[in-house]
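Undergrad: Sharing a structure with you now.
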Amino acid sequence: MAELTSTLNQLASGLRFTLGIFFLTLLFSIPLGLLVARGRMSKNKIVAGLVRVYISVMRGTPLMLQLLLVYFGPYYIFGVKLADLDVGPFKYRFVATIIGFSLNYAAYFAEIFRGGIQSMPVGQYEAAQILGFSKAQTFFRIILPQVIKRVLPSVTNEVITLVKDTSLAQVLAVTEMFTMAKNLASSQVSVMPFIVAGVFYYVMNGVIEIIMNRAEKSMRYYS
Amino acid sequence: MNVLEMHNIHKSFGSLEVLKGIDLEVKKGEVVAVIGPSGGGKSTLLRCATTLEYIDKGEIKIAGEKLVSTSQSGLTQYTDKKNIQEIRGKFGLVFQNFNLFPHFSVRRNITESLIHVHKKSKEEANAICDALLKKLDMSEKADSYPCNLSGGQQQRVSIARALALNPEILFFDEPTSALDPELTAGVLKVIRELAEEKMTMVIVTHEMAFARDVADKLVFMDGGVIVEQGSDIISNPQHERTKEFLAGYG
Ligand SMILES: Nc1ncnc2c1ncn2[C@@H]1O[C@H](COP(=O)(O)OP(=O)(O)O)[C@@H](O)[C@H]1O
Ligand SMILES: [Mg+2]
């Protein structure tokens, strides 16, 4: 019993990092994804081409490898030593994790947003133009709200994947929940910590599903 | 006074010339109906007049403001962005498939531009909206969403949305073509009432009886040109192509 309590305590301390990676990644990757989507649809062929390469690399290589590159890249490529640097209360290894996750997820979100934006009928833009809306007003008032409704199911998928992907931060020795579980399992010689961690992930995704279902329902008033 | 002047309008899509030198003038209070076979360039003409397409050559003036002109040397130039935006405030366009904003209530469809483009207060915008809905017999639908309205009701909302901005001229591109016959009547009635109030309108339509009744001037377009125009070309067509076309409508 004492062992279980201590397991829970330690996993909970790892959970802080897991949640930190999760929320910070969403915070940065969603707006960045929107920007990347716009870049991908840019009339400027060079911009569109570069963004296309960016998306293809991000989706075509392992996230774990990208994390390692963000962490070690500055030193091995540019000779800049960041590894010992702390950014505010955060160690660089944590910052590198957030950067790596955000860049990676932005690419996935960008493709989802692009699909949503391109599925909008051109008549919506034309009506908005005739009514005098500026380009920015048209996008934020008319297009984006409808795009959000269209892409929400795909976004939910990504968010659920992100919960599980946070465990990849272990490659940078961030002591998120999975790392903790692994350490505990080997010190206790028991699978119990893995099972408890699994329950944590599962519950988190359960909460996400409930929230996203509500969000979808709240937009069901129109079609 | 002419609210709309289009002179020698040319428009091509790639190598396909769709408008081959169109001249059209619309006086204040005049109702012009544009008829003609599909593919003749009617929609393109309206889209050029409403800045949804840019012309290759010619001159367009709306409410006295020059939108675009072609110089002696053959250079076609639009006025600057700010002026274009200003000119857009002077006309409205009603689409065949309404293009209402599905995520907005009827009220917000009508007031959004008033509030956020024309900087009216919410109260003012709501007052304008209520008056229009009452006039179009839609008062009880103010809080409905487009998906819960019939096609005829949606088209009336889209007319209200255009009227709310108090345009000097209103364009209609086949406003009843997407509607079941029984819903068409309500929309045509609204347009008739607007005509009685001397609203300046250009209406592309296949409703021949309606066009003949409501229009001061009829324009028959085919193959990118205006074949003939006048007040009675439906009852008394002069050109073979017009006669042929009208024969199809019994
Ligand atoms: N965006 C476009 N790109 C290429 N061709 C077009 C485009 N819009 C219209 N057209 C062509 O222009 C011609 C006239 O079309 P339109 O103006 O829609 O005629 P109408 O409204 O009289 O049926 C047609 O041949 C049509 O295919
Ligand atoms: Mg047409």
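As shown in the structure tokens, the chain order sets the letters A, B, ...; within each chain, residues go from 1, and ligands are also counted from 1 in the order they appear.
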Pull out every residue of chain A sitting within 6 Å of chain B, counting only C-alpha atoms, and send them as a list of chain:residue names.
TA: A:Gly123, A:Gln124, A:Tyr222
Undergrad: Produce a file of the selected residues containing N, CA, C and O atoms, as a PDB file, in the first residue's frame.
TA:
```
ATOM      1  N   GLY A 123     -18.081  30.998 -52.351  1.00  0.00           N
ATOM      2  CA  GLY A 123     -19.183  31.945 -52.172  1.00  0.00           C
ATOM      3  C   GLY A 123     -19.135  32.678 -50.836  1.00  0.00           C
ATOM      4  O   GLY A 123     -19.585  33.818 -50.734  1.00  0.00           O
ATOM      5  N   GLN A 124     -18.589  32.038 -49.827  1.00  0.00           N
ATOM      6  CA  GLN A 124     -18.478  32.697 -48.514  1.00  0.00           C
ATOM      7  C   GLN A 124     -17.525  33.897 -48.606  1.00  0.00           C
ATOM      8  O   GLN A 124     -17.782  34.951 -48.040  1.00  0.00           O
ATOM      9  N   TYR A 222     -25.659  24.658 -36.339  1.00  0.00           N
ATOM     10  CA  TYR A 222     -25.768  24.967 -37.767  1.00  0.00           C
ATOM     11  C   TYR A 222     -25.077  23.887 -38.575  1.00  0.00           C
ATOM     12  O   TYR A 222     -24.283  23.113 -38.042  1.00  0.00           O
TER      13      TYR A 222
END
```
Undergrad: Within 9 Å of A:Phe94, counting only C-alpha atoms, which residues qualify if same-chain residues fewer than 3 places away don't, as a PyMOL selection string?
TA: chain A and resi 17+21+90-91+97-99+169+172-174
Undergrad: Counting only C-alpha atoms, what is within 12 Å of A:Ser6, bar same-chain residues fewer than 6 positions away, as a PDB file with N, CA and C atoms, in the first residue's frame?
TA:
```pdb
ATOM      1  N   ALA A  12       2.706  11.422 -10.134  1.00  0.00           N
ATOM      2  CA  ALA A  12       2.040  12.722 -10.166  1.00  0.00           C
ATOM      3  C   ALA A  12       3.064  13.828 -10.407  1.00  0.00           C
ATOM      4  N   SER A  13       4.249  13.670  -9.831  1.00  0.00           N
ATOM      5  CA  SER A  13       5.258  14.712 -10.070  1.00  0.00           C
ATOM      6  C   SER A  13       5.716  14.672 -11.536  1.00  0.00           C
ATOM      7  N   MET A 180       9.277   8.466 -15.287  1.00  0.00           N
ATOM      8  CA  MET A 180       9.076   8.123 -13.884  1.00  0.00           C
ATOM      9  C   MET A 180       8.618   6.683 -13.744  1.00  0.00           C
ATOM     10  N   ALA A 181       7.649   6.296 -14.557  1.00  0.00           N
ATOM     11  CA  ALA A 181       7.093   4.946 -14.477  1.00  0.00           C
ATOM     12  C   ALA A 181       8.174   3.911 -14.761  1.00  0.00           C
ATOM     13  N   LEU A 184      10.543   3.736 -11.774  1.00  0.00           N
ATOM     14  CA  LEU A 184       9.894   3.057 -10.653  1.00  0.00           C
ATOM     15  C   LEU A 184       9.789   1.565 -10.919  1.00  0.00           C
ATOM     16  N   GLN A 188      11.310  -1.086  -8.435  1.00  0.00           N
ATOM     17  CA  GLN A 188      10.391  -1.941  -7.660  1.00  0.00           C
ATOM     18  C   GLN A 188      10.310  -3.366  -8.221  1.00  0.00           C
ATOM     19  N   MET A 192       3.543  -2.631 -11.921  1.00  0.00           N
ATOM     20  CA  MET A 192       2.513  -1.761 -11.350  1.00  0.00           C
ATOM     21  C   MET A 192       2.639  -0.301 -11.822  1.00  0.00           C
ATOM     22  N   PRO A 193       3.826   0.286 -11.746  1.00  0.00           N
ATOM     23  CA  PRO A 193       3.951   1.690 -12.171  1.00  0.00           C
ATOM     24  C   PRO A 193       3.504   1.896 -13.618  1.00  0.00           C
ATOM     25  N   VAL A 196      -0.289   1.915 -13.655  1.00  0.00           N
ATOM     26  CA  VAL A 196      -0.833   3.169 -13.116  1.00  0.00           C
ATOM     27  C   VAL A 196      -0.650   4.300 -14.135  1.00  0.00           C
TER      28      VAL A 196
END
```
Undergrad: For ligand 1, list the contacting residues at 6 Å or closer, counting only C-alpha atoms and all ligand atoms, as an NGL selection string.
TA: :B and (13 or 18 or 38-44)
Undergrad: Counting only C-alpha atoms and all ligand atoms, figure out which residue out of B:Asp213, B:Asp173, B:Glu197, B:Asp232 gets nearest to ligand 2.
TA: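 So, comparing all the options, the nearest one is B:Asp173.
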